[in-house]
Amino acid sequence: MGIPTVFITALPTIAQMVGANRVLRGVAITHPTGDPSLAAGDELALRIRMLERAATMLETDVEPRAVWELEERT
């Protein structure tokens, strides 16, 4: 059972290998939850979207070892 968590990483394969069930693909290896090429306000908005997405993942029943993207693909 355990405590639900979301693993935010740019390397989802490694997260899956260690048994993470909820994986959110991060931006880059050196900046998984940010993008230094963005303006400060845009980067803050990106980080907020990532945390909101992670919170949604915590509330959702997921398939084992699910990898989610920041934005839904349509």
# chains A, B, ... in the order shown; residues from 1 in each chain; ligands from 1
>>> residues_around(residues="region 34-48 of chain A", least_positions_apart="4", cutoff="12 Å", atoms="only C-alpha atoms", output="list in words")
Ile8, Thr9, Ala10, Arg25, Gly26, Val27, Ala28, Ile29, Thr30, Glu52, Arg53, Ala54, Ala55, Leu70 and Glu71 of chain A
>>> atom_distance(atom1="CA of His31 (chain A)", atom2="CA of Gly2 (chain A)")
27.7 Å
>>> residues_around(residues="Leu24 (chain A)", least_positions_apart="2", cutoff="6 Å", atoms="only C-alpha atoms", output="PyMOL selection string")
chain A and resi 8+67-69
>>> write_last_selection(atoms="N, CA and C atoms", output="PDB file, in the first residue's frame")
ATOM      1  N   ILE A   8       8.999  12.986 -10.220  1.00  0.00           N
ATOM      2  CA  ILE A   8       9.200  13.894 -11.348  1.00  0.00           C
ATOM      3  C   ILE A   8      10.641  13.742 -11.811  1.00  0.00           C
ATOM      4  N   VAL A  67       3.579   6.533 -16.837  1.00  0.00           N
ATOM      5  CA  VAL A  67       4.364   7.748 -17.077  1.00  0.00           C
ATOM      6  C   VAL A  67       3.433   8.773 -17.691  1.00  0.00           C
ATOM      7  N   TRP A  68       3.328   9.934 -17.054  1.00  0.00           N
ATOM      8  CA  TRP A  68       2.468  10.996 -17.541  1.00  0.00           C
ATOM      9  C   TRP A  68       3.317  12.125 -18.079  1.00  0.00           C
ATOM     10  N   GLU A  69       2.786  12.804 -19.060  1.00  0.00           N
ATOM     11  CA  GLU A  69       3.409  14.012 -19.606  1.00  0.00           C
ATOM     12  C   GLU A  69       2.799  15.211 -18.888  1.00  0.00           C
TER      13      GLU A  69
END
>>> closest_residue(among="A:Met50, A:Pro12, A:Ala20, A:Pro4", to="Arg65 (chain A)", atoms="only C-alpha atoms")
A:Ala20
>>> atom_distance(atom1="CA of Leu51 (chain A)", atom2="CA of Val18 (chain A)")
21.7 Å
>>> select_by_dssp(residues="chain A", states="strand (DSSP E)", output="PyMOL selection string")
chain A and resi 7-9+22-25+66-68
>>> atom_distance(atom1="CA of Glu63 (chain A)", atom2="CA of Val23 (chain A)")
11.0 Å
>>> select_by_dssp(residues="chain A", states="alpha helix (DSSP H)", output="ChimeraX atom specification")
/A:12-17,40-59
>>> write_last_selection(atoms="N, CA and C atoms", output="mmCIF file, in the first residue's frame")
data_model
loop_
_atom_site.group_PDB
_atom_site.id
_atom_site.type_symbol
_atom_site.label_atom_id
_atom_site.label_comp_id
_atom_site.auth_asym_id
_atom_site.auth_seq_id
_atom_site.Cartn_x
_atom_site.Cartn_y
_atom_site.Cartn_z
ATOM 1 N N PRO A 12 12.298 8.761 -17.045
ATOM 2 C CA PRO A 12 11.221 7.920 -16.529
ATOM 3 C C PRO A 12 11.551 6.428 -16.529
ATOM 4 N N THR A 13 12.416 5.990 -17.415
ATOM 5 C CA THR A 13 12.763 4.571 -17.453
ATOM 6 C C THR A 13 13.434 4.150 -16.146
ATOM 7 N N ILE A 14 14.307 4.990 -15.635
ATOM 8 C CA ILE A 14 14.970 4.679 -14.367
ATOM 9 C C ILE A 14 13.964 4.680 -13.224
ATOM 10 N N ALA A 15 13.048 5.631 -13.229
ATOM 11 C CA ALA A 15 12.015 5.680 -12.194
ATOM 12 C C ALA A 15 11.181 4.397 -12.217
ATOM 13 N N GLN A 16 10.861 3.908 -13.398
ATOM 14 C CA GLN A 16 10.105 2.668 -13.509
ATOM 15 C C GLN A 16 10.919 1.477 -13.006
ATOM 16 N N MET A 17 12.230 1.491 -13.288
ATOM 17 C CA MET A 17 13.081 0.379 -12.856
ATOM 18 C C MET A 17 13.161 0.287 -11.337
ATOM 19 N N ALA A 40 11.415 34.457 -15.882
ATOM 20 C CA ALA A 40 11.109 34.052 -14.507
ATOM 21 C C ALA A 40 9.618 33.745 -14.307
ATOM 22 N N GLY A 41 8.756 34.599 -14.823
ATOM 23 C CA GLY A 41 7.312 34.379 -14.667
ATOM 24 C C GLY A 41 6.833 33.137 -15.398
ATOM 25 N N ASP A 42 7.393 32.898 -16.587
ATOM 26 C CA ASP A 42 7.003 31.713 -17.364
ATOM 27 C C ASP A 42 7.497 30.433 -16.685
ATOM 28 N N GLU A 43 8.699 30.495 -16.113
ATOM 29 C CA GLU A 43 9.211 29.315 -15.418
ATOM 30 C C GLU A 43 8.378 29.013 -14.179
ATOM 31 N N LEU A 44 7.970 30.036 -13.457
ATOM 32 C CA LEU A 44 7.110 29.841 -12.297
ATOM 33 C C LEU A 44 5.797 29.192 -12.723
ATOM 34 N N ALA A 45 5.219 29.661 -13.832
ATOM 35 C CA ALA A 45 3.972 29.079 -14.337
ATOM 36 C C ALA A 45 4.179 27.599 -14.704
ATOM 37 N N LEU A 46 5.320 27.282 -15.297
ATOM 38 C CA LEU A 46 5.640 25.890 -15.631
ATOM 39 C C LEU A 46 5.709 25.044 -14.374
ATOM 40 N N ARG A 47 6.386 25.532 -13.357
ATOM 41 C CA ARG A 47 6.513 24.781 -12.111
ATOM 42 C C ARG A 47 5.157 24.566 -11.449
ATOM 43 N N ILE A 48 4.318 25.586 -11.484
ATOM 44 C CA ILE A 48 2.978 25.452 -10.903
ATOM 45 C C ILE A 48 2.172 24.405 -11.656
ATOM 46 N N ARG A 49 2.238 24.432 -13.011
ATOM 47 C CA ARG A 49 1.530 23.421 -13.808
ATOM 48 C C ARG A 49 2.031 22.015 -13.482
ATOM 49 N N MET A 50 3.342 21.867 -13.287
ATOM 50 C CA MET A 50 3.891 20.551 -12.958
ATOM 51 C C MET A 50 3.361 20.063 -11.614
ATOM 52 N N LEU A 51 3.328 20.938 -10.610
ATOM 53 C CA LEU A 51 2.828 20.536 -9.297
ATOM 54 C C LEU A 51 1.335 20.240 -9.325
ATOM 55 N N GLU A 52 0.578 21.014 -10.108
ATOM 56 C CA GLU A 52 -0.853 20.729 -10.251
ATOM 57 C C GLU A 52 -1.065 19.378 -10.911
ATOM 58 N N ARG A 53 -0.252 19.081 -11.933
ATOM 59 C CA ARG A 53 -0.348 17.788 -12.625
ATOM 60 C C ARG A 53 0.003 16.648 -11.667
ATOM 61 N N ALA A 54 1.052 16.847 -10.856
ATOM 62 C CA ALA A 54 1.441 15.828 -9.880
ATOM 63 C C ALA A 54 0.326 15.607 -8.858
ATOM 64 N N ALA A 55 -0.325 16.683 -8.413
ATOM 65 C CA ALA A 55 -1.430 16.544 -7.462
ATOM 66 C C ALA A 55 -2.584 15.768 -8.087
ATOM 67 N N THR A 56 -2.859 16.022 -9.363
ATOM 68 C CA THR A 56 -3.900 15.258 -10.070
ATOM 69 C C THR A 56 -3.535 13.785 -10.117
ATOM 70 N N MET A 57 -2.273 13.505 -10.364
ATOM 71 C CA MET A 57 -1.825 12.111 -10.410
ATOM 72 C C MET A 57 -2.019 11.416 -9.065
ATOM 73 N N LEU A 58 -1.803 12.139 -7.965
ATOM 74 C CA LEU A 58 -1.988 11.553 -6.644
ATOM 75 C C LEU A 58 -3.434 11.165 -6.389
ATOM 76 N N GLU A 59 -4.355 11.889 -6.995
ATOM 77 C CA GLU A 59 -5.783 11.642 -6.792
ATOM 78 C C GLU A 59 -6.343 10.597 -7.746
#
>>> decode(residues="region 16-51 of chain A", atoms="C-alpha atoms", output="PDB file, in the first residue's frame")
ATOM      1  CA  GLN A  16      10.105   2.668 -13.509  1.00  0.00           C
ATOM      2  CA  MET A  17      13.081   0.379 -12.856  1.00  0.00           C
ATOM      3  CA  VAL A  18      13.098   1.377  -9.175  1.00  0.00           C
ATOM      4  CA  GLY A  19       9.350   0.712  -8.937  1.00  0.00           C
ATOM      5  CA  ALA A  20       7.767   4.166  -9.095  1.00  0.00           C
ATOM      6  CA  ASN A  21       4.088   3.836 -10.033  1.00  0.00           C
ATOM      7  CA  ARG A  22       3.393   7.495 -10.787  1.00  0.00           C
ATOM      8  CA  VAL A  23       6.024   9.159 -12.950  1.00  0.00           C
ATOM      9  CA  LEU A  24       5.747  12.670 -14.364  1.00  0.00           C
ATOM     10  CA  ARG A  25       8.209  13.382 -17.161  1.00  0.00           C
ATOM     11  CA  GLY A  26      10.343  16.372 -16.214  1.00  0.00           C
ATOM     12  CA  VAL A  27      11.859  19.007 -18.485  1.00  0.00           C
ATOM     13  CA  ALA A  28      15.555  18.059 -18.462  1.00  0.00           C
ATOM     14  CA  ILE A  29      18.039  16.040 -16.427  1.00  0.00           C
ATOM     15  CA  THR A  30      19.625  19.149 -14.935  1.00  0.00           C
ATOM     16  CA  HIS A  31      16.283  20.958 -14.385  1.00  0.00           C
ATOM     17  CA  PRO A  32      13.477  18.389 -13.929  1.00  0.00           C
ATOM     18  CA  THR A  33      10.988  20.941 -12.586  1.00  0.00           C
ATOM     19  CA  GLY A  34      12.024  24.063 -14.440  1.00  0.00           C
ATOM     20  CA  ASP A  35      13.410  25.560 -17.610  1.00  0.00           C
ATOM     21  CA  PRO A  36      16.100  28.224 -17.125  1.00  0.00           C
ATOM     22  CA  SER A  37      15.679  29.398 -20.715  1.00  0.00           C
ATOM     23  CA  LEU A  38      12.242  30.803 -19.824  1.00  0.00           C
ATOM     24  CA  ALA A  39      11.549  34.189 -18.284  1.00  0.00           C
ATOM     25  CA  ALA A  40      11.109  34.052 -14.507  1.00  0.00           C
ATOM     26  CA  GLY A  41       7.312  34.379 -14.667  1.00  0.00           C
ATOM     27  CA  ASP A  42       7.003  31.713 -17.364  1.00  0.00           C
ATOM     28  CA  GLU A  43       9.211  29.315 -15.418  1.00  0.00           C
ATOM     29  CA  LEU A  44       7.110  29.841 -12.297  1.00  0.00           C
ATOM     30  CA  ALA A  45       3.972  29.079 -14.337  1.00  0.00           C
ATOM     31  CA  LEU A  46       5.640  25.890 -15.631  1.00  0.00           C
ATOM     32  CA  ARG A  47       6.513  24.781 -12.111  1.00  0.00           C
ATOM     33  CA  ILE A  48       2.978  25.452 -10.903  1.00  0.00           C
ATOM     34  CA  ARG A  49       1.530  23.421 -13.808  1.00  0.00           C
ATOM     35  CA  MET A  50       3.891  20.551 -12.958  1.00  0.00           C
ATOM     36  CA  LEU A  51       2.828  20.536  -9.297  1.00  0.00           C
TER      37      LEU A  51
END
